[in-house]
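K.L.:
Just one file: my_file.cif, with mmCIF, C-alpha atoms.
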data_model
#
loop_
_atom_site.label_atom_id
_atom_site.label_comp_id
_atom_site.auth_asym_id
_atom_site.auth_seq_id
_atom_site.Cartn_x
_atom_site.Cartn_y
_atom_site.Cartn_z
CA MET A 85 -32.11 91.62 -10.91
CA SER A 86 -30.13 89.54 -8.44
CA THR A 87 -31.06 88.99 -4.82
CA SER A 88 -29.33 87.76 -1.71
CA PRO A 89 -30.51 84.33 -0.55
CA ASP A 90 -31.39 85.72 2.90
CA LEU A 91 -32.93 89.18 2.87
CA VAL A 92 -32.15 90.86 6.19
CA PRO A 93 -34.14 93.98 7.22
CA ALA A 94 -32.34 97.32 7.05
CA HIS A 95 -32.59 97.98 10.79
CA ALA A 96 -31.00 94.60 11.54
CA LEU A 97 -28.15 95.26 9.12
CA ASP A 98 -27.52 98.65 10.71
CA ALA A 99 -27.55 97.11 14.18
CA ALA A 100 -24.96 94.52 13.11
CA ASP A 101 -22.79 96.92 11.11
CA PRO A 102 -19.36 97.30 12.78
CA LEU A 103 -18.88 100.66 11.03
CA ALA A 104 -22.27 102.13 11.91
CA ALA A 105 -20.95 104.31 14.75
CA HIS A 106 -18.73 106.25 12.33
CA ARG A 107 -21.77 107.71 10.60
CA ASP A 108 -22.21 110.22 13.43
CA ARG A 109 -18.81 111.70 12.58
CA PHE A 110 -20.25 113.27 9.40
CA VAL A 111 -22.07 116.58 9.24
CA GLY A 112 -25.78 116.16 8.53
CA ALA A 113 -25.96 112.45 9.28
CA GLU A 114 -28.47 113.17 12.06
CA GLN A 115 -30.87 114.95 9.70
CA PRO A 116 -33.86 113.26 8.01
CA LEU A 117 -32.49 114.09 4.54
CA VAL A 118 -31.62 110.93 2.62
CA TYR A 119 -28.27 111.34 0.88
CA LEU A 120 -27.46 108.81 -1.83
CA ASP A 121 -24.98 110.79 -3.91
CA GLY A 122 -21.73 110.25 -2.02
CA ASN A 123 -19.95 109.26 -5.22
CA SER A 124 -20.50 112.79 -6.54
CA LEU A 125 -19.78 114.74 -3.34
CA GLY A 126 -19.06 113.17 0.02
CA ARG A 127 -20.40 114.56 3.30
CA PRO A 128 -17.92 116.61 5.35
CA LEU A 129 -16.50 115.21 8.57
CA ARG A 130 -17.39 117.14 11.73
CA VAL A 131 -13.74 117.38 12.69
CA THR A 132 -13.00 119.23 9.45
CA GLY A 133 -14.76 122.38 10.63
CA GLU A 134 -12.48 122.56 13.64
CA ARG A 135 -9.43 121.72 11.54
CA LEU A 136 -10.19 124.58 9.13
CA ARG A 137 -10.80 127.03 11.98
CA SER A 138 -7.54 126.00 13.59
CA PHE A 139 -5.72 126.25 10.28
CA VAL A 140 -6.99 129.78 9.70
CA ASP A 141 -6.09 130.91 13.22
CA GLU A 142 -2.76 129.17 13.68
CA GLU A 143 -1.12 128.09 10.42
CA TRP A 144 -2.46 130.73 8.05
CA GLY A 145 -3.06 133.56 10.47
CA GLY A 146 -0.13 132.74 12.74
CA ARG A 147 2.63 131.68 10.39
CA LEU A 148 1.49 133.58 7.30
CA ILE A 149 4.06 133.33 4.48
CA ARG A 150 6.33 131.24 6.71
CA GLY A 151 3.88 128.38 6.36
CA TRP A 152 5.19 127.58 2.91
CA GLY A 153 8.62 126.69 4.25
CA ASP A 154 11.12 125.34 1.77
CA VAL A 155 10.89 122.21 -0.34
CA GLY A 156 11.81 119.25 1.84
CA GLU A 157 11.12 121.03 5.14
CA GLY A 158 7.58 119.75 5.60
CA GLY A 159 5.73 123.03 4.99
CA TRP A 160 2.88 123.72 2.64
CA MET A 161 5.23 123.32 -0.32
CA ASP A 162 5.47 119.62 0.48
CA LEU A 163 1.76 118.93 0.92
CA PRO A 164 1.23 117.68 -2.65
CA LEU A 165 3.72 114.90 -1.96
CA THR A 166 3.07 114.16 1.73
CA LEU A 167 -0.68 113.96 1.18
CA GLY A 168 -0.07 111.98 -2.00
CA ASP A 169 1.97 109.44 -0.06
CA ARG A 170 -0.83 109.09 2.48
CA ILE A 171 -3.40 108.40 -0.24
CA ALA A 172 -0.99 105.97 -1.88
CA ARG A 173 -0.53 104.01 1.33
CA THR A 174 -4.12 104.05 2.57
CA CYS A 175 -6.07 103.64 -0.65
CA LEU A 176 -3.95 102.90 -3.69
CA GLY A 177 -1.47 100.16 -2.86
CA ALA A 178 1.38 102.32 -4.13
CA ALA A 179 4.85 102.83 -2.73
CA PRO A 180 5.92 106.32 -1.60
CA GLY A 181 7.01 108.96 -4.09
CA GLN A 182 4.53 108.08 -6.85
CA VAL A 183 1.42 110.13 -6.04
CA VAL A 184 1.00 113.89 -6.05
CA VAL A 185 -2.09 115.93 -5.08
CA GLY A 186 -3.08 119.06 -6.97
CA ASP A 187 -5.06 120.58 -9.83
CA SER A 188 -8.28 118.89 -11.00
CA THR A 189 -8.85 115.44 -12.44
CA THR A 190 -9.31 117.04 -15.86
CA VAL A 191 -6.01 118.92 -15.71
CA ASN A 192 -4.14 115.89 -14.38
CA LEU A 193 -5.63 113.69 -17.07
CA TYR A 194 -4.48 116.17 -19.70
CA LYS A 195 -0.97 116.25 -18.24
CA LEU A 196 -0.62 112.49 -17.90
CA LEU A 197 -2.10 111.60 -21.28
CA HIS A 198 0.31 114.04 -22.91
CA ALA A 199 3.19 112.60 -20.89
CA ALA A 200 2.22 109.00 -21.64
CA ALA A 201 2.08 109.66 -25.37
CA ALA A 202 5.52 111.30 -25.18
CA LEU A 203 6.86 108.17 -23.47
CA ARG A 204 5.86 106.18 -26.56
CA PRO A 205 7.18 108.30 -29.46
CA GLY A 206 6.22 107.17 -32.94
CA ARG A 207 3.03 105.48 -31.80
CA THR A 208 -0.17 107.01 -33.07
CA GLU A 209 -3.14 105.52 -31.20
CA VAL A 210 -4.96 105.97 -27.89
CA VAL A 211 -7.46 103.27 -26.96
CA LEU A 212 -10.44 104.25 -24.78
CA SER A 213 -14.06 103.36 -24.05
CA ALA A 214 -16.92 105.11 -25.81
CA ASP A 215 -18.92 104.69 -22.59
CA ASP A 216 -16.39 106.44 -20.35
CA PHE A 217 -16.92 109.66 -18.41
CA PRO A 218 -17.24 112.70 -20.74
CA THR A 219 -14.15 114.51 -19.42
CA ASP A 220 -11.97 111.51 -20.19
CA ARG A 221 -13.26 111.40 -23.75
CA TYR A 222 -13.05 115.15 -24.25
CA VAL A 223 -9.51 115.41 -22.91
CA ALA A 224 -8.45 112.49 -25.09
CA GLU A 225 -9.89 114.26 -28.14
CA SER A 226 -7.96 117.42 -27.24
CA VAL A 227 -4.65 115.62 -26.70
CA ALA A 228 -5.16 113.64 -29.90
CA ARG A 229 -5.60 116.85 -31.90
CA GLU A 230 -2.51 118.44 -30.37
CA ARG A 231 -0.26 115.41 -30.79
CA GLY A 232 -1.63 114.08 -34.07
CA LEU A 233 -2.97 110.89 -32.51
CA HIS A 234 -5.85 108.66 -33.54
CA LEU A 235 -8.50 107.57 -31.03
CA VAL A 236 -9.53 103.92 -31.11
CA TRP A 237 -12.90 103.49 -29.45
CA ILE A 238 -14.08 100.40 -27.60
CA GLU A 239 -17.85 99.93 -27.65
CA PRO A 240 -18.49 97.62 -24.67
CA ALA A 241 -20.62 94.67 -25.69
CA GLU A 242 -22.45 94.98 -22.39
CA PRO A 243 -22.19 98.43 -20.75
CA THR A 244 -23.62 97.05 -17.51
CA THR A 245 -20.60 94.83 -16.99
CA GLY A 246 -18.02 97.20 -18.50
CA VAL A 247 -14.95 96.91 -20.71
CA THR A 248 -13.19 93.53 -20.71
CA ASP A 249 -9.53 92.71 -21.28
CA ASP A 250 -10.59 90.70 -24.34
CA GLU A 251 -12.14 93.84 -25.82
CA VAL A 252 -8.90 95.71 -25.15
CA ALA A 253 -6.85 92.91 -26.68
CA ALA A 254 -8.97 93.04 -29.84
CA VAL A 255 -7.95 96.63 -30.64
CA VAL A 256 -4.43 97.21 -29.28
CA GLY A 257 -1.36 96.77 -31.45
CA GLU A 258 2.06 98.10 -32.32
CA GLN A 259 0.66 101.60 -32.85
CA THR A 260 -1.03 101.79 -29.44
CA ALA A 261 0.63 104.33 -27.19
CA VAL A 262 -1.87 104.44 -24.31
CA VAL A 263 -4.93 102.59 -23.08
CA LEU A 264 -7.13 105.02 -21.11
CA LEU A 265 -9.74 103.38 -18.92
CA SER A 266 -11.79 104.09 -15.78
CA HIS A 267 -11.27 101.62 -12.96
CA VAL A 268 -14.94 101.89 -11.98
CA ALA A 269 -17.43 102.94 -14.67
CA TYR A 270 -19.26 106.11 -13.72
CA ARG A 271 -22.69 104.87 -14.84
CA SER A 272 -22.76 101.16 -14.09
CA ALA A 273 -20.05 100.85 -11.39
CA ALA A 274 -18.50 97.98 -13.34
CA ILE A 275 -14.93 97.33 -12.17
CA ALA A 276 -12.43 97.08 -15.00
CA PRO A 277 -9.87 94.26 -14.75
CA LEU A 278 -6.88 96.60 -14.48
CA ALA A 279 -4.25 93.90 -14.01
CA ALA A 280 -5.45 91.96 -17.06
CA VAL A 281 -5.73 95.14 -19.13
CA ALA A 282 -2.21 96.16 -18.11
CA GLU A 283 -0.88 92.77 -19.16
CA VAL A 284 -2.58 93.03 -22.55
CA ALA A 285 -1.32 96.58 -23.10
CA HIS A 286 2.24 95.83 -22.01
CA GLU A 287 2.43 92.86 -24.39
CA VAL A 288 2.23 95.33 -27.28
CA GLY A 289 4.42 97.94 -25.57
CA ALA A 290 1.58 100.32 -24.64
CA LEU A 291 0.97 102.14 -21.35
CA VAL A 292 -2.15 102.11 -19.17
CA LEU A 293 -3.64 105.31 -17.76
CA ALA A 294 -6.44 104.65 -15.25
CA ASP A 295 -9.09 107.03 -13.94
CA LEU A 296 -9.68 106.15 -10.29
CA SER A 297 -12.31 108.79 -9.55
CA HIS A 298 -15.01 106.26 -8.61
CA SER A 299 -12.72 103.83 -6.80
CA VAL A 300 -10.24 105.76 -4.63
CA GLY A 301 -11.38 105.57 -1.02
CA VAL A 302 -14.08 102.95 -1.51
CA LEU A 303 -12.22 99.84 -2.68
CA PRO A 304 -8.60 98.67 -2.60
CA VAL A 305 -6.86 99.57 -5.85
CA GLN A 306 -3.32 98.04 -5.61
CA LEU A 307 -1.73 100.14 -8.36
CA ASP A 308 1.80 98.80 -8.01
CA ARG A 309 0.61 95.21 -8.08
CA THR A 310 -1.63 95.63 -11.13
CA GLY A 311 1.13 97.18 -13.24
CA VAL A 312 -0.83 100.34 -14.12
CA ASP A 313 1.57 102.97 -15.45
CA LEU A 314 -0.27 106.20 -14.66
CA ALA A 315 -3.49 107.16 -12.92
CA VAL A 316 -5.66 110.13 -11.96
CA GLY A 317 -8.52 110.54 -9.52
CA CYS A 318 -10.48 113.02 -7.44
CA THR A 319 -10.74 113.57 -3.69
CA TYR A 320 -14.23 115.05 -3.31
CA LYS A 321 -16.16 111.77 -3.66
CA PHE A 322 -15.16 108.97 -1.29
CA LEU A 323 -12.26 110.98 0.17
CA ASN A 324 -14.71 113.71 1.31
CA GLY A 325 -12.47 116.62 0.36
CA GLY A 326 -15.33 118.98 -0.44
CA PRO A 327 -16.40 120.81 -3.61
CA GLY A 328 -13.42 121.64 -5.77
CA ALA A 329 -10.97 119.59 -3.70
CA PRO A 330 -7.73 118.86 -5.56
CA ALA A 331 -7.19 115.70 -7.56
CA LEU A 332 -4.42 113.11 -7.48
CA ALA A 333 -1.97 111.86 -10.07
CA TYR A 334 0.05 108.64 -9.95
CA VAL A 335 3.08 107.81 -12.05
CA ALA A 336 4.89 104.51 -11.51
CA ALA A 337 8.47 105.11 -10.43
CA ARG A 338 9.81 103.31 -13.50
CA HIS A 339 8.58 106.19 -15.68
CA HIS A 340 9.82 109.15 -13.61
CA ALA A 341 13.10 109.74 -15.38
CA GLY A 342 11.50 110.17 -18.79
CA LEU A 343 8.32 111.93 -17.70
CA ALA A 344 7.73 115.21 -19.52
CA GLN A 345 4.44 116.84 -18.64
CA PRO A 346 3.13 119.79 -20.71
CA VAL A 347 2.11 122.24 -17.95
CA THR A 348 5.51 123.30 -16.67
CA GLY A 349 4.78 125.66 -13.80
CA TRP A 350 7.28 127.06 -11.35
CA MET A 351 6.25 124.73 -8.51
CA GLY A 352 7.42 121.76 -10.56
CA HIS A 353 10.88 123.25 -11.06
CA THR A 354 13.81 121.55 -9.40
CA ASP A 355 14.50 124.79 -7.49
CA PRO A 356 11.32 126.92 -7.49
CA PHE A 357 12.87 129.91 -5.74
CA ALA A 358 15.88 130.12 -8.02
CA MET A 359 13.56 131.91 -10.48
CA GLY A 360 15.89 130.82 -13.26
CA PRO A 361 15.59 131.58 -16.97
CA GLY A 362 14.55 128.08 -18.03
CA TYR A 363 12.50 125.16 -16.77
CA GLU A 364 14.31 122.25 -15.16
CA PRO A 365 11.93 119.54 -13.93
CA ALA A 366 12.06 118.49 -10.29
CA PRO A 367 13.09 114.91 -9.69
CA GLY A 368 10.39 112.29 -9.43
CA VAL A 369 6.68 112.90 -9.32
CA ARG A 370 7.07 116.45 -7.98
CA ARG A 371 7.52 117.62 -11.56
CA LEU A 372 3.77 117.09 -12.03
CA VAL A 373 3.07 120.03 -9.71
CA ALA A 374 2.36 123.13 -11.77
CA GLY A 375 0.94 126.00 -9.74
CA THR A 376 0.35 126.82 -6.10
CA PRO A 377 -1.04 123.86 -4.11
CA SER A 378 -4.62 124.09 -2.82
CA VAL A 379 -3.55 124.07 0.81
CA LEU A 380 -6.96 124.82 2.34
CA SER A 381 -8.70 122.18 0.21
CA MET A 382 -6.21 119.54 1.27
CA GLN A 383 -7.20 119.75 4.94
CA PRO A 384 -10.51 117.83 4.67
CA VAL A 385 -8.79 115.08 2.68
CA ALA A 386 -6.30 114.64 5.52
CA ASP A 387 -9.20 114.22 7.95
CA MET A 388 -10.79 111.49 5.84
CA LEU A 389 -7.46 109.70 5.52
CA ASP A 390 -7.21 109.71 9.32
CA LEU A 391 -10.57 107.92 9.46
CA LEU A 392 -9.65 105.49 6.68
CA ASP A 393 -6.39 104.67 8.46
CA GLU A 394 -8.41 103.93 11.58
CA VAL A 395 -11.01 101.77 9.86
CA GLY A 396 -9.02 100.19 7.01
CA ILE A 397 -9.88 100.17 3.33
CA GLU A 398 -10.76 96.45 3.41
CA ALA A 399 -13.48 97.09 6.02
CA VAL A 400 -14.78 99.98 3.91
CA ARG A 401 -14.94 97.69 0.89
CA ALA A 402 -16.82 95.03 2.86
CA LYS A 403 -19.43 97.59 3.94
CA SER A 404 -19.64 98.88 0.36
CA VAL A 405 -20.38 95.39 -0.97
CA ALA A 406 -23.07 94.94 1.68
CA LEU A 407 -24.67 98.31 0.84
CA THR A 408 -24.72 97.78 -2.92
CA THR A 409 -26.08 94.25 -2.50
CA PHE A 410 -28.84 95.56 -0.25
CA ALA A 411 -29.62 98.34 -2.73
CA ALA A 412 -29.88 95.87 -5.61
CA ASP A 413 -32.17 93.64 -3.56
CA ALA A 414 -34.31 96.57 -2.42
CA GLY A 415 -34.59 97.72 -6.02
CA ARG A 416 -35.81 94.29 -7.07
CA ARG A 417 -38.44 94.26 -4.31
CA LEU A 418 -39.64 97.84 -4.45
CA LEU A 419 -39.08 98.74 -8.11
CA PRO A 420 -40.05 95.55 -9.95
CA ASP A 421 -40.39 97.39 -13.27
CA ALA A 422 -36.79 98.62 -13.08
CA ARG A 423 -33.75 96.59 -13.99
CA LEU A 424 -30.28 96.51 -12.53
CA GLY A 425 -27.85 98.66 -14.52
CA SER A 426 -24.81 97.48 -12.56
CA PRO A 427 -23.01 94.15 -12.40
CA ALA A 428 -25.03 91.53 -10.51
CA ASP A 429 -21.83 90.11 -9.00
CA PRO A 430 -20.86 92.42 -6.10
CA GLU A 431 -17.18 91.59 -6.60
CA ARG A 432 -17.39 93.21 -10.04
CA ARG A 433 -19.28 96.25 -8.76
CA GLY A 434 -17.85 99.45 -7.28
CA GLY A 435 -19.41 101.76 -4.71
CA HIS A 436 -22.65 102.67 -6.45
CA VAL A 437 -25.69 100.97 -7.95
CA THR A 438 -27.72 102.06 -10.96
CA LEU A 439 -31.38 101.14 -11.42
CA LEU A 440 -32.80 101.60 -14.92
CA HIS A 441 -36.29 102.70 -15.93
CA PRO A 442 -37.47 104.97 -18.78
CA ARG A 443 -38.94 107.51 -16.32
CA MET A 444 -36.05 107.74 -13.89
CA ARG A 445 -35.26 111.35 -14.80
CA GLU A 446 -38.72 112.31 -13.54
CA VAL A 447 -38.28 110.08 -10.51
CA VAL A 448 -35.03 111.76 -9.50
CA ALA A 449 -36.59 115.21 -9.89
CA GLY A 450 -39.43 114.12 -7.62
CA LEU A 451 -37.04 112.64 -5.07
CA TRP A 452 -35.08 115.87 -4.75
CA GLN A 453 -38.33 117.63 -3.86
CA ARG A 454 -38.74 115.10 -1.04
CA GLU A 455 -35.25 115.68 0.39
CA VAL A 456 -34.01 112.40 -1.09
CA LEU A 457 -30.84 113.04 -3.08
CA PRO A 458 -29.64 110.38 -5.52
CA ASP A 459 -28.21 111.11 -8.97
CA TYR A 460 -29.46 110.64 -12.50
CA ARG A 461 -27.45 109.38 -15.43
CA ASP A 462 -28.69 108.82 -18.98
CA PRO A 463 -30.18 106.66 -20.26
CA GLY A 464 -32.82 106.24 -17.54
CA GLY A 465 -30.46 105.61 -14.65
CA LEU A 466 -31.21 106.20 -10.96
CA ARG A 467 -27.67 106.17 -9.56
CA LEU A 468 -27.27 105.48 -5.85
CA GLY A 469 -23.85 106.57 -4.56
CA LEU A 470 -23.35 104.71 -1.29
CA SER A 471 -20.51 106.09 0.80
CA PRO A 472 -19.82 103.27 3.27
CA LEU A 473 -18.86 105.31 6.33
CA SER A 474 -21.71 107.82 6.10
CA THR A 475 -24.58 105.81 4.55
CA SER A 476 -26.88 103.52 6.52
CA PHE A 477 -28.93 100.59 5.26
CA ALA A 478 -32.09 102.31 6.50
CA GLU A 479 -31.17 105.35 4.43
CA VAL A 480 -30.87 103.17 1.31
CA GLU A 481 -34.22 101.53 1.95
CA ALA A 482 -35.91 104.88 2.59
CA GLY A 483 -34.53 106.28 -0.66
CA ILE A 484 -35.63 103.36 -2.81
CA SER A 485 -39.04 103.26 -1.09
CA ALA A 486 -39.47 106.95 -1.94
CA ALA A 487 -38.46 106.23 -5.54
CA ALA A 488 -41.18 103.58 -5.74
CA GLU A 489 -43.75 106.06 -4.45
CA VAL A 490 -42.72 108.73 -6.94
CA LEU A 491 -42.74 106.25 -9.82
CA ALA A 492 -46.19 105.00 -8.84
CA GLY A 493 -47.43 108.58 -8.83
CA LEU A 494 -46.25 109.06 -12.41
CA ALA A 495 -48.38 106.22 -13.74
#
Can you dump the structure from the file as structure tokens?

P.N.:
Amino acid sequence: MSTSPDLVPAHALDAADPLAAHRDRFVGAEQPLVYLDGNSLGRPLRVTGERLRSFVDEEWGGRLIRGWGDVGEGGWMDLPLTLGDRIARTCLGAAPGQVVVGDSTTVNLYKLLHAAAALRPGRTEVVLSADDFPTDRYVAESVARERGLHLVWIEPAEPTTGVTDDEVAAVVGEQTAVVLLSHVAYRSAAIAPLAAVAEVAHEVGALVLADLSHSVGVLPVQLDRTGVDLAVGCTYKFLNGGPGAPALAYVAARHHAGLAQPVTGWMGHTDPFAMGPGYEPAPGVRRLVAGTPSVLSMQPVADMLDLLDEVGIEAVRAKSVALTTFAADAGRRLLPDARLGSPADPERRGGHVTLLHPRMREVVAGLWQREVLPDYRDPGGLRLGLSPLSTSFAEVEAGISAAAEVLAGLA
């Protein structure tokens, strides 16, 4: 495992952290519980409780049905686009009008993979990683069955460092319709080289669909610059939207005119209240909206975007790199029998760190009994999800120290 040349104590790092004061803005940060699973479910912001109470009293209770407004009038009907534009600007490096918020990551992935395949008629293959998140693989299998496509699997030579553009180049060709790839791998946190993958895919006429679930809100993505064609992601991890918060979908403007998604609900109609006999897609990315927007669940996301606008995604990324580097170093010191299951280079690592040991499943079970909450991922992975604005260095050290104690007790 790698180590920093100068190992600074956790309390000193917290004292020098320019973002440390923001931790108090999260519910539960003052409690002794050690929370190291922010990449599965982020802590709520304190302000969100007041926002939801105000929303119930004033917008929902006061305006009632009037709150929906009409499309283009700034009411609830427009939230999928207005919130999407905020995420695009703050986190994704995407111009306005390309991101919509709604549904779940699974549903959006289904819609966009269908739509991407339709944009490349006559092509028969979808390229994806065998080590990707289960939903991505399962949805791809479903879409392949429905559209008569063939899945081409990449087996990463080194799962710890993730899929490379050379591995993509080795399998794409004239039959490739879509390359589906996570930006940050859910187990190892390896960052995929999206720009290089997009270049390789575009050379053969294929599209790139990226899953941003483990990157949105924790590192700059720069979708427009990388050339990614479509993307999905969730808002309950580093965007702190809460359990079941709606997902996001991105479609580059160059594909809007030909985009045909398979779940054609009334909210994606060009005139929803016309109640006409046939479906006519709304212009632009609004056509991705299917059913009623999750208005309540969008409120916490707006709060987190306020904080990210205040702090800046680059500062969040800098803190994330510092946290994951500290976690890797602490793992080396305190868990010498474990090995690093994430890239050693912090620039190639996302917002979490995985430490590998054959007995980590038992370790995680023991940690939960001690009010230390990391995650477990097969095979043998202790996954530490480090949310930069709500996680302290002392918290990381306490969690890994507890893991060492539990592991020693299993011997």

K.L.:
Assuming the chain letters and numbering stay as they are in my file, what does the PyMOL selection byres ((chain A and resi 304) around 12) actually select? List them as number ranges by chain.

P.N.:
A: 171-178, 267-268, 275, 296, 298-303, 305-310, 392, 396-402, 404, 431, 434-435

K.L.:
Assuming the chain letters and numbering stay as they are in my file, what does the PyMOL selection byres ((chain A and resi 198) around 10) actually select? List them as number ranges by chain.

P.N.:
A: 192-197, 199-203, 223-224, 226-228, 230-231, 262, 343-347

K.L.:
Run the PyMOL selection byres ((chain A and resi 447) around 9) on the file and write out the hits as a list in words.

P.N.:
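With the shown file as input, the PyMOL selection byres ((chain A and resi 447) around 9) matches Arg443, Met444, Arg445, Glu446, Val448, Ala449, Gly450, Leu451, Trp452, Leu466, Ala487, Ala488, Val490, Leu491 and Leu494 of chain A.
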
K.L.:
Which neighbours of Gln115 in chain A fall inside 12 Å, counting only C-alpha atoms, when residues of the same chain fewer than 6 positions from it are skipped, and could you give them as a VMD selection string?

P.N.:
chain A and resid 107 to 108 455 to 456 479

K.L.:
So what do you get for CA of Pro330 in chain A versus CA of Ser474 in chain A, distance-wise?

P.N.:
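A separation of 21.3 Å between them.
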
K.L.:
Please compute the CA of Arg229 in chain A-CA of Ser213 in chain A distance, one decimal, in Å.

P.N.:
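Here the two named atoms are 17.8 Å from each other.
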
K.L.:
Please tell me which residues are no farther than 9 Å from (2.3, 111.9, -2.7) in the file, counting only C-alpha atoms, and write them as a PyMOL selection string.

P.N.:
chain A and resi 162-172+180-185+332-334+369-370

K.L.:
Which value, in Å to one decimal, gives the distance between CA of Ala478 in chain A and CA of Val437 in chain A?

P.N.:
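Interatomic distance, CA of Ala478 in chain A to CA of Val437 in chain A: 15.9 Å.
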
K.L.:
Write out as a list in words which residues come within 6 Å of Ser426 in chain A when counting all atoms listed in the file, dropping same-chain ones fewer than 3 positions away.

P.N.:
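So, after excluding close chain neighbours, the residues are Thr244, Ser272, Ala273, Val437 and Thr438 of chain A.
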
K.L.:
With a distance cut-off of 12 Å and only C-alpha atoms, select the neighbouring residues of Gly153 in chain A, excluding the residue or stretch itself and same-chain residues fewer than 5 positions from it, and output the selection as a short mmCIF file (atom, residue, chain, number, x, y, z; two decimals) with C-alpha atoms, keeping the file's coordinate frame.

P.N.:
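Saved to out_38.cif:
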data_model
loop_
_atom_site.label_atom_id
_atom_site.label_comp_id
_atom_site.auth_asym_id
_atom_site.auth_seq_id
_atom_site.Cartn_x
_atom_site.Cartn_y
_atom_site.Cartn_z
CA GLU A 143 -1.12 128.09 10.42
CA ARG A 147 2.63 131.68 10.39
CA LEU A 148 1.49 133.58 7.30
CA GLY A 158 7.58 119.75 5.60
CA GLY A 159 5.73 123.03 4.99
CA TRP A 160 2.88 123.72 2.64
CA MET A 161 5.23 123.32 -0.32
CA ASP A 162 5.47 119.62 0.48
CA LEU A 163 1.76 118.93 0.92
CA PHE A 357 12.87 129.91 -5.74
#

K.L.:
Extract, using all atoms listed in the file, all DNA, RNA and protein residues at most 7 Å from range 375-391 of chain A, discarding same-chain residues fewer than 6 positions from it, and format them as a PyMOL selection string.

P.N.:
chain A and resi 132+160+164+186+319+323-325+329-330+349-351

K.L.:
How would range 481-492 of chain A of the given structure read as a file with N, CA and C atoms, as a PDB file, in the first residue's frame?

P.N.:
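Writing the result to out_30.pdb gives the following:
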ATOM      1  N   GLU A 481      -9.656   7.986  10.972  1.00  0.00           N
ATOM      2  CA  GLU A 481      -8.699   7.276  11.813  1.00  0.00           C
ATOM      3  C   GLU A 481      -9.408   6.411  12.851  1.00  0.00           C
ATOM      4  N   ALA A 482     -10.473   6.943  13.455  1.00  0.00           N
ATOM      5  CA  ALA A 482     -11.217   6.170  14.449  1.00  0.00           C
ATOM      6  C   ALA A 482     -11.826   4.922  13.829  1.00  0.00           C
ATOM      7  N   GLY A 483     -12.348   5.048  12.607  1.00  0.00           N
ATOM      8  CA  GLY A 483     -12.959   3.911  11.940  1.00  0.00           C
ATOM      9  C   GLY A 483     -11.958   2.826  11.606  1.00  0.00           C
ATOM     10  N   ILE A 484     -10.804   3.215  11.090  1.00  0.00           N
ATOM     11  CA  ILE A 484      -9.799   2.212  10.718  1.00  0.00           C
ATOM     12  C   ILE A 484      -9.164   1.602  11.965  1.00  0.00           C
ATOM     13  N   SER A 485      -8.999   2.405  13.033  1.00  0.00           N
ATOM     14  CA  SER A 485      -8.501   1.860  14.301  1.00  0.00           C
ATOM     15  C   SER A 485      -9.465   0.805  14.842  1.00  0.00           C
ATOM     16  N   ALA A 486     -10.759   1.090  14.765  1.00  0.00           N
ATOM     17  CA  ALA A 486     -11.763   0.126  15.217  1.00  0.00           C
ATOM     18  C   ALA A 486     -11.717  -1.136  14.369  1.00  0.00           C
ATOM     19  N   ALA A 487     -11.505  -0.975  13.056  1.00  0.00           N
ATOM     20  CA  ALA A 487     -11.394  -2.147  12.186  1.00  0.00           C
ATOM     21  C   ALA A 487     -10.215  -3.014  12.590  1.00  0.00           C
ATOM     22  N   ALA A 488      -9.099  -2.392  12.955  1.00  0.00           N
ATOM     23  CA  ALA A 488      -7.925  -3.149  13.398  1.00  0.00           C
ATOM     24  C   ALA A 488      -8.223  -3.928  14.675  1.00  0.00           C
ATOM     25  N   GLU A 489      -8.973  -3.289  15.584  1.00  0.00           N
ATOM     26  CA  GLU A 489      -9.324  -3.981  16.827  1.00  0.00           C
ATOM     27  C   GLU A 489     -10.226  -5.185  16.565  1.00  0.00           C
ATOM     28  N   VAL A 490     -11.220  -4.994  15.709  1.00  0.00           N
ATOM     29  CA  VAL A 490     -12.134  -6.090  15.394  1.00  0.00           C
ATOM     30  C   VAL A 490     -11.376  -7.232  14.720  1.00  0.00           C
ATOM     31  N   LEU A 491     -10.515  -6.892  13.761  1.00  0.00           N
ATOM     32  CA  LEU A 491      -9.766  -7.921  13.057  1.00  0.00           C
ATOM     33  C   LEU A 491      -8.855  -8.691  14.008  1.00  0.00           C
ATOM     34  N   ALA A 492      -8.226  -7.968  14.932  1.00  0.00           N
ATOM     35  CA  ALA A 492      -7.354  -8.638  15.907  1.00  0.00           C
ATOM     36  C   ALA A 492      -8.154  -9.598  16.782  1.00  0.00           C
TER      37      ALA A 492
END
